[in-house]
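Colleague: Structure: entry.txt, compact mmCIF, C-alpha atoms.
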# COMPACT_ATOMS: atom_id res chain seq x y z
CA MET A 1 123.40 90.97 -45.79
CA ILE A 2 122.81 88.49 -48.58
CA ASP A 3 119.17 88.09 -49.58
CA ARG A 4 118.61 84.46 -48.60
CA ARG A 5 115.57 84.12 -50.83
CA HIS A 6 117.79 84.02 -53.85
CA PHE A 7 119.84 81.17 -52.62
CA VAL A 8 120.42 78.45 -55.07
CA PHE A 9 119.28 74.97 -54.23
CA GLY A 10 120.82 74.18 -50.88
CA SER A 11 123.17 75.84 -48.47
CA CYS A 12 126.66 74.79 -49.47
CA THR A 13 127.09 77.27 -52.26
CA ALA A 14 124.28 79.55 -51.18
CA LEU A 15 125.77 80.57 -47.87
CA ALA A 16 128.86 82.03 -49.43
CA GLY A 17 129.10 81.94 -53.14
CA THR A 18 132.63 80.79 -52.43
CA ALA A 19 131.99 77.41 -50.83
CA LEU A 20 134.05 74.82 -52.60
CA ASP A 21 132.18 71.68 -51.87
CA ALA A 22 128.99 70.05 -53.01
CA GLY A 23 127.93 71.37 -56.41
CA TYR A 24 124.63 69.65 -55.92
CA THR A 25 123.32 72.84 -54.48
CA ALA A 26 123.17 74.48 -57.89
CA ALA A 27 119.97 74.87 -59.82
CA LEU A 28 118.20 71.70 -60.81
CA ILE A 29 114.67 72.57 -61.77
CA PRO A 30 114.29 72.73 -65.55
CA PRO A 31 112.98 76.00 -66.98
CA LEU A 32 109.24 76.37 -66.51
CA ALA A 33 108.75 76.38 -70.27
CA ARG A 34 109.68 72.70 -70.43
CA PRO A 35 107.05 70.06 -69.59
CA MET A 36 107.24 68.86 -66.01
CA PRO A 37 107.49 65.07 -65.96
CA SER A 38 105.87 64.63 -62.59
CA ASP A 39 103.16 66.08 -60.42
CA GLN A 40 105.71 67.04 -57.83
CA GLN A 41 107.90 69.05 -60.12
CA ALA A 42 104.89 70.94 -61.38
CA ALA A 43 103.78 71.61 -57.82
CA GLY A 44 107.16 72.17 -56.21
CA LEU A 45 110.26 70.06 -55.82
CA HIS A 46 111.10 71.82 -52.56
CA LEU A 47 107.88 70.92 -50.76
CA ILE A 48 108.33 67.72 -48.75
CA ARG A 49 104.84 66.44 -47.98
CA PRO A 50 102.69 63.38 -48.57
CA LEU A 51 102.33 63.03 -52.34
CA GLU A 52 99.13 62.12 -54.17
CA GLY A 53 98.98 58.51 -55.26
CA TYR A 54 100.95 57.23 -52.27
CA SER A 55 100.07 56.55 -48.63
CA PRO A 56 101.16 59.46 -46.36
CA GLN A 57 104.51 58.19 -45.06
CA ILE A 58 105.49 56.56 -48.36
CA GLY A 59 104.56 59.81 -50.11
CA GLN A 60 106.90 61.83 -47.89
CA LEU A 61 109.75 59.41 -48.62
CA VAL A 62 109.01 59.66 -52.36
CA ALA A 63 109.15 63.45 -52.10
CA MET A 64 112.59 63.12 -50.52
CA ALA A 65 113.74 60.66 -53.19
CA ASN A 66 112.45 63.04 -55.88
CA TRP A 67 114.44 65.85 -54.26
CA ILE A 68 117.71 63.92 -54.02
CA ARG A 69 117.73 62.33 -57.46
CA PRO A 70 118.14 65.48 -59.58
CA SER A 71 121.06 66.48 -57.37
CA VAL A 72 122.76 63.18 -58.15
CA LEU A 73 122.19 63.59 -61.88
CA ARG A 74 123.55 67.10 -61.68
CA ALA A 75 126.73 65.97 -59.95
CA ALA A 76 127.54 63.87 -63.03
CA ARG A 77 126.14 66.19 -65.67
CA GLY A 78 127.94 66.48 -68.99
CA LEU A 79 130.62 63.94 -68.13
CA SER A 80 132.13 61.98 -71.01
CA GLN A 81 132.62 58.24 -71.02
CA GLU A 82 136.32 58.77 -70.27
CA GLU A 83 135.47 60.99 -67.32
CA LEU A 84 132.92 58.49 -66.03
CA ASP A 85 135.62 55.82 -66.20
CA HIS A 86 138.37 58.00 -64.70
CA LEU A 87 140.16 56.61 -61.65
CA HIS A 88 141.27 59.25 -59.18
CA ASP A 89 143.62 56.85 -57.47
CA SER A 90 144.29 53.14 -57.40
CA GLU A 91 141.69 52.48 -54.70
CA SER A 92 139.00 54.79 -56.01
CA ASN A 93 135.67 54.04 -57.56
CA THR A 94 134.84 55.68 -60.86
CA ILE A 95 131.91 58.05 -61.05
CA GLY A 96 130.23 55.59 -63.41
CA ALA A 97 130.61 52.76 -60.91
CA LEU A 98 129.21 54.94 -58.13
CA LEU A 99 126.14 55.74 -60.25
CA MET A 100 125.60 52.05 -60.98
CA HIS A 101 126.09 51.33 -57.28
CA LEU A 102 123.12 53.57 -56.46
CA ALA A 103 120.91 51.58 -58.83
CA ALA A 104 122.22 48.25 -57.53
CA THR A 105 121.51 49.25 -53.94
CA GLU A 106 117.96 50.23 -54.85
CA VAL A 107 117.44 46.88 -56.57
CA PHE A 108 118.70 45.10 -53.45
CA TYR A 109 116.06 46.81 -51.34
CA GLN A 110 113.37 46.28 -53.98
CA VAL A 111 113.68 42.51 -53.84
CA ASN A 112 114.19 42.56 -50.07
CA THR A 113 111.17 44.69 -49.20
CA PHE A 114 108.78 43.99 -52.09
CA GLU A 115 109.44 40.25 -52.40
CA GLY A 116 111.14 39.28 -49.15
CA ARG A 117 114.09 37.67 -50.90
CA ALA A 118 117.69 38.16 -51.91
CA ARG A 119 118.85 38.81 -55.48
CA ASN A 120 118.68 35.77 -57.76
CA GLU A 121 121.47 34.62 -60.08
CA ALA A 122 120.48 36.80 -63.01
CA GLU A 123 120.22 39.82 -60.74
CA GLU A 124 123.62 39.03 -59.21
CA ARG A 125 125.17 38.95 -62.67
CA ARG A 126 123.65 42.33 -63.52
CA TRP A 127 124.16 44.09 -60.17
CA GLY A 128 126.77 42.24 -58.14
CA ALA A 129 129.89 44.16 -59.13
CA ALA A 130 128.09 47.49 -58.81
CA SER A 131 126.92 46.54 -55.33
CA ARG A 132 130.38 45.56 -54.14
CA LEU A 133 132.38 48.31 -55.92
CA GLY A 134 136.17 48.08 -55.50
CA ALA A 135 138.43 46.08 -57.78
CA GLU A 136 135.60 44.06 -59.29
CA ALA A 137 133.71 47.18 -60.31
CA ARG A 138 136.88 48.87 -61.61
CA LYS A 139 137.27 45.87 -63.92
CA GLN A 140 133.67 45.45 -65.06
CA ILE A 141 131.99 48.86 -65.09
CA LYS A 142 133.43 50.94 -67.92
CA GLY A 143 132.84 52.03 -71.47
CA HIS A 144 129.40 53.53 -70.93
CA GLY A 145 128.13 57.05 -71.52
CA LEU A 146 126.00 59.10 -69.22
CA ASP A 147 122.73 57.99 -70.86
CA TYR A 148 123.45 54.41 -69.90
CA TYR A 149 123.76 55.27 -66.21
CA PHE A 150 120.91 57.76 -66.15
CA SER A 151 118.49 55.45 -67.94
CA THR A 152 119.45 52.60 -65.62
CA LEU A 153 118.73 54.76 -62.57
CA GLN A 154 115.45 55.83 -64.13
CA GLU A 155 114.38 52.27 -64.95
CA VAL A 156 115.06 51.10 -61.41
CA ARG A 157 113.32 54.10 -59.86
CA GLU A 158 110.18 53.62 -61.94
CA LYS A 159 109.88 50.10 -60.60
CA THR A 160 110.25 51.37 -57.03
CA LEU A 161 107.55 53.99 -57.47
CA ALA A 162 105.15 51.54 -59.12
CA GLU A 163 105.55 49.15 -56.20
CA PHE A 164 105.16 51.96 -53.65
CA ARG A 165 101.85 52.98 -55.25
CA ARG A 166 100.48 49.51 -54.48
CA ARG A 167 101.41 49.58 -50.78
CA ASP A 168 100.47 51.48 -47.64
CA ASP A 169 101.91 52.87 -44.42
CA ASP A 170 101.24 49.63 -42.51
CA TRP A 171 103.59 47.90 -44.92
CA PHE A 172 106.05 50.79 -44.58
CA GLN A 173 106.14 50.23 -40.81
CA GLU A 174 106.62 46.44 -41.02
CA ALA A 175 109.89 45.50 -39.39
CA GLU A 176 112.29 42.60 -39.19
CA PRO A 177 115.78 42.21 -37.70
CA PHE A 178 118.07 43.66 -40.34
CA PHE A 179 120.52 46.51 -39.76
CA GLN A 180 122.78 45.37 -36.93
CA ASN A 181 120.28 42.54 -36.51
CA GLN A 182 117.92 45.07 -34.89
CA PRO A 183 114.24 45.67 -35.72
CA THR A 184 114.35 47.59 -39.02
CA ASN A 185 111.24 48.80 -40.78
CA ASN A 186 110.72 49.18 -44.53
CA TYR A 187 110.66 52.95 -44.02
CA CYS A 188 114.20 52.77 -42.60
CA LYS A 189 115.45 50.57 -45.43
CA TRP A 190 114.04 52.99 -47.98
CA PHE A 191 115.31 56.04 -46.10
CA HIS A 192 118.71 54.39 -46.31
CA VAL A 193 118.34 54.05 -50.10
CA VAL A 194 117.69 57.81 -50.27
CA GLU A 195 120.39 58.96 -47.85
CA HIS A 196 122.82 56.55 -49.53
CA GLU A 197 122.44 58.53 -52.76
CA ALA A 198 123.40 61.69 -50.88
CA ASN A 199 126.41 59.88 -49.40
CA HIS A 200 127.82 58.92 -52.79
CA ARG A 201 126.83 62.21 -54.39
CA GLY A 202 129.28 63.86 -52.00
CA GLN A 203 131.99 61.57 -53.34
CA ILE A 204 130.95 62.10 -56.96
CA ALA A 205 131.13 65.88 -56.50
CA TRP A 206 134.59 65.62 -54.90
CA LEU A 207 135.87 63.38 -57.71
CA GLU A 208 134.28 65.44 -60.49
CA LYS A 209 136.08 68.60 -59.40
CA ARG A 210 139.41 66.78 -59.72
CA LEU A 211 138.86 65.34 -63.19
CA PRO A 212 141.42 66.47 -65.75
CA GLY A 213 140.36 69.89 -66.97
CA HIS A 214 137.92 70.46 -64.12
CA GLU A 215 137.98 73.03 -61.31
CA PHE A 216 140.47 71.33 -58.97
CA ALA A 217 142.39 69.33 -61.55
CA ALA A 218 145.57 71.05 -60.38
CA ALA A 219 145.04 70.17 -56.72
CA THR A 220 148.26 68.74 -55.39
CA ARG A 221 149.35 67.15 -52.17
CA PRO A 222 150.08 70.12 -49.89
CA MET B 1 123.58 32.81 -50.15
CA ILE B 2 124.53 35.33 -47.49
CA ASP B 3 122.06 35.54 -44.60
CA ARG B 4 120.90 39.13 -45.01
CA ARG B 5 119.59 39.32 -41.49
CA HIS B 6 123.12 39.56 -40.20
CA PHE B 7 123.96 42.52 -42.30
CA VAL B 8 125.64 45.30 -40.50
CA PHE B 9 124.08 48.70 -40.52
CA GLY B 10 123.46 49.53 -44.15
CA SER B 11 124.14 47.97 -47.48
CA CYS B 12 127.53 49.17 -48.63
CA THR B 13 129.58 46.72 -46.62
CA ALA B 14 126.71 44.35 -45.93
CA LEU B 15 126.06 43.38 -49.50
CA ALA B 16 129.52 42.02 -50.00
CA GLY B 17 131.87 42.12 -47.09
CA THR B 18 134.32 43.39 -49.66
CA ALA B 19 132.80 46.72 -50.57
CA LEU B 20 135.39 49.41 -50.25
CA ASP B 21 133.30 52.44 -49.74
CA ALA B 22 131.27 54.00 -46.97
CA GLY B 23 132.35 52.70 -43.59
CA TYR B 24 129.26 54.30 -42.13
CA THR B 25 127.50 51.04 -42.61
CA ALA B 26 129.37 49.43 -39.75
CA ALA B 27 127.81 48.90 -36.37
CA LEU B 28 126.80 52.01 -34.49
CA ILE B 29 124.46 51.00 -31.75
CA PRO B 30 126.27 50.86 -28.42
CA PRO B 31 126.11 47.54 -26.54
CA LEU B 32 122.75 47.04 -24.86
CA ALA B 33 124.45 47.06 -21.49
CA ARG B 34 125.16 50.77 -21.79
CA PRO B 35 122.44 53.30 -21.00
CA MET B 36 120.52 54.45 -24.04
CA PRO B 37 120.54 58.24 -24.20
CA SER B 38 117.25 58.58 -26.05
CA ASP B 39 113.85 56.97 -26.31
CA GLN B 40 114.55 56.07 -29.89
CA GLN B 41 117.72 54.17 -29.23
CA ALA B 42 116.02 52.15 -26.56
CA ALA B 43 113.13 51.40 -28.89
CA GLY B 44 115.05 51.00 -32.12
CA LEU B 45 117.31 53.23 -34.15
CA HIS B 46 116.26 51.47 -37.34
CA LEU B 47 112.55 52.22 -37.02
CA ILE B 48 111.65 55.39 -38.89
CA ARG B 49 108.28 56.51 -37.55
CA PRO B 50 106.69 59.50 -35.82
CA LEU B 51 108.51 59.88 -32.48
CA GLU B 52 106.85 60.67 -29.17
CA GLY B 53 107.18 64.29 -28.14
CA TYR B 54 107.07 65.61 -31.70
CA SER B 55 104.27 66.20 -34.20
CA PRO B 56 104.04 63.32 -36.74
CA GLN B 57 106.02 64.71 -39.67
CA ILE B 58 108.60 66.42 -37.47
CA GLY B 59 108.94 63.16 -35.55
CA GLN B 60 109.73 61.21 -38.72
CA LEU B 61 112.40 63.75 -39.68
CA VAL B 62 113.89 63.53 -36.17
CA ALA B 63 114.02 59.74 -36.52
CA MET B 64 115.96 60.20 -39.75
CA ALA B 65 118.31 62.74 -38.17
CA ASN B 66 118.86 60.34 -35.24
CA TRP B 67 119.71 57.59 -37.72
CA ILE B 68 122.18 59.65 -39.74
CA ARG B 69 124.07 61.30 -36.88
CA PRO B 70 125.75 58.18 -35.40
CA SER B 71 126.95 57.28 -38.88
CA VAL B 72 128.67 60.66 -39.15
CA LEU B 73 130.30 60.28 -35.75
CA ARG B 74 131.45 56.83 -36.73
CA ALA B 75 133.06 58.06 -39.93
CA ALA B 76 135.37 60.25 -37.81
CA ARG B 77 135.80 57.88 -34.86
CA GLY B 78 139.15 57.73 -33.16
CA LEU B 79 140.79 60.38 -35.32
CA SER B 80 143.57 62.42 -33.76
CA GLN B 81 143.83 66.18 -33.99
CA GLU B 82 146.49 65.80 -36.69
CA GLU B 83 144.22 63.51 -38.67
CA LEU B 84 141.27 65.89 -38.27
CA ASP B 85 143.50 68.68 -39.61
CA HIS B 86 145.02 66.60 -42.43
CA LEU B 87 144.72 68.02 -45.93
CA HIS B 88 144.38 65.39 -48.64
CA ASP B 89 145.25 67.87 -51.34
CA SER B 90 145.60 71.60 -51.72
CA GLU B 91 141.90 72.11 -52.48
CA SER B 92 140.52 69.70 -49.93
CA ASN B 93 138.59 70.33 -46.77
CA THR B 94 139.84 68.70 -43.59
CA ILE B 95 137.63 66.21 -41.82
CA GLY B 96 137.46 68.64 -38.89
CA ALA B 97 136.25 71.44 -41.14
CA LEU B 98 133.62 69.17 -42.68
CA LEU B 99 132.32 68.26 -39.21
CA MET B 100 132.11 71.94 -38.26
CA HIS B 101 130.41 72.63 -41.59
CA LEU B 102 127.60 70.26 -40.62
CA ALA B 103 127.02 72.18 -37.39
CA ALA B 104 127.22 75.54 -39.17
CA THR B 105 124.66 74.46 -41.74
CA GLU B 106 122.28 73.35 -39.02
CA VAL B 107 122.68 76.70 -37.25
CA PHE B 108 121.90 78.48 -40.52
CA TYR B 109 118.59 76.64 -40.81
CA GLN B 110 117.83 77.10 -37.10
CA VAL B 111 117.86 80.87 -37.35
CA ASN B 112 116.17 80.79 -40.74
CA THR B 113 113.26 78.52 -39.82
CA PHE B 114 112.88 79.17 -36.06
CA GLU B 115 113.45 82.93 -36.13
CA GLY B 116 112.99 83.93 -39.76
CA ARG B 117 116.36 85.68 -39.94
CA ALA B 118 119.90 85.36 -41.12
CA ARG B 119 122.89 84.80 -38.83
CA ASN B 120 123.90 87.85 -36.82
CA GLU B 121 127.46 89.14 -36.45
CA ALA B 122 128.38 86.98 -33.49
CA GLU B 123 127.03 83.92 -35.28
CA GLU B 124 128.93 84.83 -38.44
CA ARG B 125 132.15 85.02 -36.42
CA ARG B 126 131.52 81.60 -34.94
CA TRP B 127 130.15 79.82 -38.02
CA GLY B 128 131.08 81.75 -41.13
CA ALA B 129 134.28 79.96 -42.10
CA ALA B 130 132.75 76.57 -41.39
CA SER B 131 129.80 77.41 -43.60
CA ARG B 132 131.95 78.53 -46.50
CA LEU B 133 134.72 75.89 -46.20
CA GLY B 134 137.61 76.27 -48.66
CA ALA B 135 140.67 78.41 -48.01
CA GLU B 136 139.08 80.32 -45.15
CA ALA B 137 138.24 77.14 -43.30
CA ARG B 138 141.65 75.60 -44.00
CA LYS B 139 143.15 78.63 -42.29
CA GLN B 140 140.80 78.92 -39.32
CA ILE B 141 139.56 75.46 -38.40
CA LYS B 142 142.42 73.45 -36.91
CA GLY B 143 143.98 72.41 -33.63
CA HIS B 144 140.88 70.75 -32.18
CA GLY B 145 140.34 67.18 -31.02
CA LEU B 146 137.37 65.02 -31.75
CA ASP B 147 135.55 66.02 -28.55
CA TYR B 148 135.45 69.60 -29.72
CA TYR B 149 133.66 68.71 -32.93
CA PHE B 150 131.39 66.09 -31.41
CA SER B 151 130.29 68.33 -28.54
CA THR B 152 129.66 71.19 -30.98
CA LEU B 153 127.45 68.95 -33.13
CA GLN B 154 125.64 67.77 -30.00
CA GLU B 155 125.07 71.30 -28.68
CA VAL B 156 123.60 72.44 -31.97
CA ARG B 157 121.42 69.35 -32.32
CA GLU B 158 119.97 69.73 -28.82
CA LYS B 159 118.84 73.23 -29.73
CA THR B 160 117.19 71.91 -32.90
CA LEU B 161 115.30 69.20 -31.05
CA ALA B 162 114.14 71.58 -28.30
CA GLU B 163 112.74 73.93 -30.93
CA PHE B 164 111.10 71.07 -32.84
CA ARG B 165 109.31 69.95 -29.68
CA ARG B 166 107.60 73.35 -29.51
CA ARG B 167 106.31 73.25 -33.08
CA ASP B 168 103.82 71.28 -35.19
CA ASP B 169 103.26 69.91 -38.69
CA ASP B 170 101.50 73.08 -39.84
CA TRP B 171 104.74 74.93 -39.14
CA PHE B 172 106.70 72.15 -40.84
CA GLN B 173 104.64 72.67 -44.00
CA GLU B 174 104.99 76.47 -44.05
CA ALA B 175 106.73 77.53 -47.23
CA GLU B 176 108.49 80.53 -48.69
CA PRO B 177 110.52 81.04 -51.88
CA PHE B 178 113.95 79.74 -50.99
CA PHE B 179 115.78 76.99 -52.88
CA GLN B 180 116.01 78.19 -56.49
CA ASN B 181 113.58 80.90 -55.40
CA GLN B 182 110.84 78.26 -55.44
CA PRO B 183 108.29 77.49 -52.70
CA THR B 184 110.30 75.64 -50.05
CA ASN B 185 108.77 74.32 -46.87
CA ASN B 186 110.46 73.98 -43.48
CA TYR B 187 110.30 70.18 -43.93
CA CYS B 188 112.41 70.51 -47.09
CA LYS B 189 114.94 72.79 -45.41
CA TRP B 190 115.30 70.34 -42.54
CA PHE B 191 115.43 67.34 -44.85
CA HIS B 192 118.28 69.12 -46.56
CA VAL B 193 120.10 69.50 -43.21
CA VAL B 194 119.81 65.72 -42.76
CA GLU B 195 120.75 64.64 -46.29
CA HIS B 196 123.58 67.17 -46.24
CA GLU B 197 125.17 65.23 -43.37
CA ALA B 198 125.05 62.09 -45.51
CA ASN B 199 126.63 64.01 -48.39
CA HIS B 200 129.65 65.06 -46.37
CA ARG B 201 129.86 61.76 -44.53
CA GLY B 202 130.62 60.18 -47.92
CA GLN B 203 133.51 62.60 -48.30
CA ILE B 204 134.71 62.08 -44.72
CA ALA B 205 134.75 58.30 -45.25
CA TRP B 206 136.71 58.68 -48.50
CA LEU B 207 139.25 61.02 -46.88
CA GLU B 208 139.58 58.92 -43.71
CA LYS B 209 140.60 55.83 -45.67
CA ARG B 210 143.43 57.81 -47.25
CA LEU B 211 144.88 59.27 -44.05
CA PRO B 212 148.49 58.28 -43.39
CA GLY B 213 148.44 54.84 -41.83
CA HIS B 214 144.85 54.12 -42.81
CA GLU B 215 143.44 51.51 -45.20
CA PHE B 216 144.11 53.29 -48.51
CA ALA B 217 147.08 55.39 -47.43
CA ALA B 218 149.11 53.80 -50.21
CA ALA B 219 146.57 54.62 -52.94
CA THR B 220 148.42 56.18 -55.83
CA ARG B 221 147.44 57.74 -59.09
CA PRO B 222 146.83 54.80 -61.42
Any chance you could give the structure as structure tokens?
Modeller:
Amino acid sequence: MIDRRHFVFGSCTALAGTALDAGYTAALIPPLARPMPSDQQAAGLHLIRPLEGYSPQIGQLVAMANWIRPSVLRAARGLSQEELDHLHDSESNTIGALLMHLAATEVFYQVNTFEGRARNEAEERRWGAASRLGAEARKQIKGHGLDYYFSTLQEVREKTLAEFRRRDDDWFQEAEPFFQNQPTNNYCKWFHVVEHEANHRGQIAWLEKRLPGHEFAAATRP
Amino acid sequence: MIDRRHFVFGSCTALAGTALDAGYTAALIPPLARPMPSDQQAAGLHLIRPLEGYSPQIGQLVAMANWIRPSVLRAARGLSQEELDHLHDSESNTIGALLMHLAATEVFYQVNTFEGRARNEAEERRWGAASRLGAEARKQIKGHGLDYYFSTLQEVREKTLAEFRRRDDDWFQEAEPFFQNQPTNNYCKWFHVVEHEANHRGQIAWLEKRLPGHEFAAATRP
């Protein structure tokens, strides 16, 4: 029986070694010899718990966000600008556009929950196409390397964390009609931001495998 | 400016009305006239908070699981057995196999965290192919309608919730070397079960749109 303790990050590859789906389950933690950029990585990425510097519920959500984000970065690791701009089919989003979409979604919820407003004109110009994806994004989001997308995600995330540090669990529980016009608390909006990254990571992983020269590049209609 | 309060469940379609990705953001709550099967749905699906009947941290994770699960069911709504068995390309997983994979993954973490063991032989026979996906799953998982997958997911989830009700946050924080052989607590393993559903939901939504007769059926290589 396989020794489960040696499983790589996550179950999809760990359970079999032959699973052909999400590559996000492969190793993400940098070697211990490299400096750990955050308290949590030093202490343990795989410990979901209230984090120091945040109120208890916010801290648990931050731990989850910190867990998901490296898996997203990994799904796009090493891709060239051409690969980031590659269209799988005429209705697809590029991996680059999907990465920008994650940042745009986070910005949407920043202004909604931190400032109680919608995006302004300047923000719409920067984030609108990435939010809406589709034809508009296929036209506008191209020609960038991985650093551009990764640094954008990082910039947006740093703002989120700074704002979280200034708030508490009462704020996290504040609710207004939002999703389906039902009472929706800030915790739910921010959980959506986190699970939304996982949603698109699944698509990024699927698309990445089918890039020219990649694992499933030869996949054909059966 | 769009009135954000009328956004449907989630941001992907809400932000634009034209976004072409995850359909999971469409309405999921059944009409109020129908009986609500759980406390949370009666009180509010979109309120992430400690739920009654569970310890505080476990309750928050259950609220998240309760939020994600309808979105998964929605992604596969109304699909026929042929559609559930449809292969997009020769390396793809079917939507049916992906749904079974979610249940299999949850079972893996049930036996791991509730009983401290790996799956036994009978469990391997029932869940092995679904765990590993790929060629094995393409061969074995077919010929079932939506009810089969939905009732399987429901059966597995009921077991999870019953076991959660018997445990507390101390148990949720218990850790062992697991992901990447690093300290991994039960909260992290169960968060992974939840985010893993979102991961594959993104793939299910992408595949569903490209089923014969569906929205992007005509999508061609650009």
Colleague: Which residue is closest to chain B? Choose from A:Glu106, A:Glu158, A:Glu195, A:Glu215 and count only C-alpha atoms.
Modeller: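 Counting only C-alpha atoms, the residue closest to chain B is A:Glu195.
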Colleague: Can you sort out the box for region 47-51 of chain A, edges along x, y and z, all listed atoms in, 5 Å on every side, with centre and edge lengths in Å to one decimal, as AutoDock Vina command-line options?
Modeller:
--center_x 105.3 --center_y 67.0 --center_z -50.2 --size_x 16.0 --size_y 17.9 --size_z 14.4
Colleague: So, with all atoms listed in the file as the atoms that count, which of B:Leu161, B:Leu146, B:Leu207, B:Leu51 lies closest to chain A?
Modeller: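 Counting all atoms listed in the file, the residue closest to chain A is B:Leu207.
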Colleague: Any idea what's packed within 9 Å of Phe108 (chain B), counting only C-alpha atoms, ignoring anything in its chain fewer than 2 positions away? Could you give it as a tab-separated table (two decimals) with C-alpha atoms, in the frame of the given file?
Modeller:
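Output below, filename result24.tsv:
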chain	number	residue	atom	x	y	z
A	11	SER	CA	123.17	75.84	-48.47
A	15	LEU	CA	125.77	80.57	-47.87
B	103	ALA	CA	127.02	72.18	-37.39
B	104	ALA	CA	127.22	75.54	-39.17
B	105	THR	CA	124.66	74.46	-41.74
B	106	GLU	CA	122.28	73.35	-39.02
B	110	GLN	CA	117.83	77.10	-37.10
B	111	VAL	CA	117.86	80.87	-37.35
B	112	ASN	CA	116.17	80.79	-40.74
B	113	THR	CA	113.26	78.52	-39.82
B	118	ALA	CA	119.90	85.36	-41.12
B	119	ARG	CA	122.89	84.80	-38.83
B	127	TRP	CA	130.15	79.82	-38.02
B	131	SER	CA	129.80	77.41	-43.60
Colleague: Mind giving me the straight-line distance from CA of Asn186 (chain A) to CA of Trp67 (chain B) in Å, one decimal?
Modeller: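 Separation between CA of Asn186 (chain A) and CA of Trp67 (chain B): 14.1 Å.
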Colleague: By how many Å are CA of Glu176 (chain B) and CA of Phe164 (chain A) apart?
Modeller: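 Answer for the CA of Glu176 (chain B) to CA of Phe164 (chain A) separation: 29.2 Å.
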Colleague: Can you tell me, as a PDB file with C-alpha atoms, in the coordinates of the input, what residues are no more than 6 Å from Ala198 (chain B) when counting all atoms listed in the file, ignoring any on the same chain fewer than 2 positions away?
Modeller:
ATOM      1  CA  ALA A 198     123.400  61.690 -50.880  1.00  0.00           C
ATOM      2  CA  ASN A 199     126.410  59.880 -49.400  1.00  0.00           C
TER       3      ASN A 199
ATOM      4  CA  GLU B 195     120.750  64.640 -46.290  1.00  0.00           C
ATOM      5  CA  HIS B 196     123.580  67.170 -46.240  1.00  0.00           C
ATOM      6  CA  HIS B 200     129.650  65.060 -46.370  1.00  0.00           C
ATOM      7  CA  ARG B 201     129.860  61.760 -44.530  1.00  0.00           C
TER       8      ARG B 201
END
Colleague: Provide region 176-196 of chain A of the preceding structure as a file containing C-alpha atoms, as a PDB file, in the first residue's frame.
Modeller:
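Result saved to result.pdb:
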ATOM      1  CA  GLU A 176     -25.798  42.845   2.459  1.00  0.00           C
ATOM      2  CA  PRO A 177     -27.997  41.435  -0.314  1.00  0.00           C
ATOM      3  CA  PHE A 178     -25.547  40.437  -3.016  1.00  0.00           C
ATOM      4  CA  PHE A 179     -25.239  36.940  -4.483  1.00  0.00           C
ATOM      5  CA  GLN A 180     -28.690  36.080  -5.828  1.00  0.00           C
ATOM      6  CA  ASN A 181     -29.835  39.194  -3.974  1.00  0.00           C
ATOM      7  CA  GLN A 182     -29.544  37.186  -0.742  1.00  0.00           C
ATOM      8  CA  PRO A 183     -27.759  38.214   2.478  1.00  0.00           C
ATOM      9  CA  THR A 184     -24.059  37.793   1.655  1.00  0.00           C
ATOM     10  CA  ASN A 185     -21.325  38.463   4.166  1.00  0.00           C
ATOM     11  CA  ASN A 186     -17.813  39.748   3.446  1.00  0.00           C
ATOM     12  CA  TYR A 187     -16.487  36.323   4.450  1.00  0.00           C
ATOM     13  CA  CYS A 188     -18.546  34.751   1.652  1.00  0.00           C
ATOM     14  CA  LYS A 189     -17.399  37.312  -0.917  1.00  0.00           C
ATOM     15  CA  TRP A 190     -13.783  36.673   0.017  1.00  0.00           C
ATOM     16  CA  PHE A 191     -14.257  32.907   0.115  1.00  0.00           C
ATOM     17  CA  HIS A 192     -15.567  33.267  -3.416  1.00  0.00           C
ATOM     18  CA  VAL A 193     -12.386  35.133  -4.429  1.00  0.00           C
ATOM     19  CA  VAL A 194     -10.354  32.182  -3.116  1.00  0.00           C
ATOM     20  CA  GLU A 195     -12.472  29.359  -4.542  1.00  0.00           C
ATOM     21  CA  HIS A 196     -12.670  31.260  -7.833  1.00  0.00           C
TER      22      HIS A 196
END
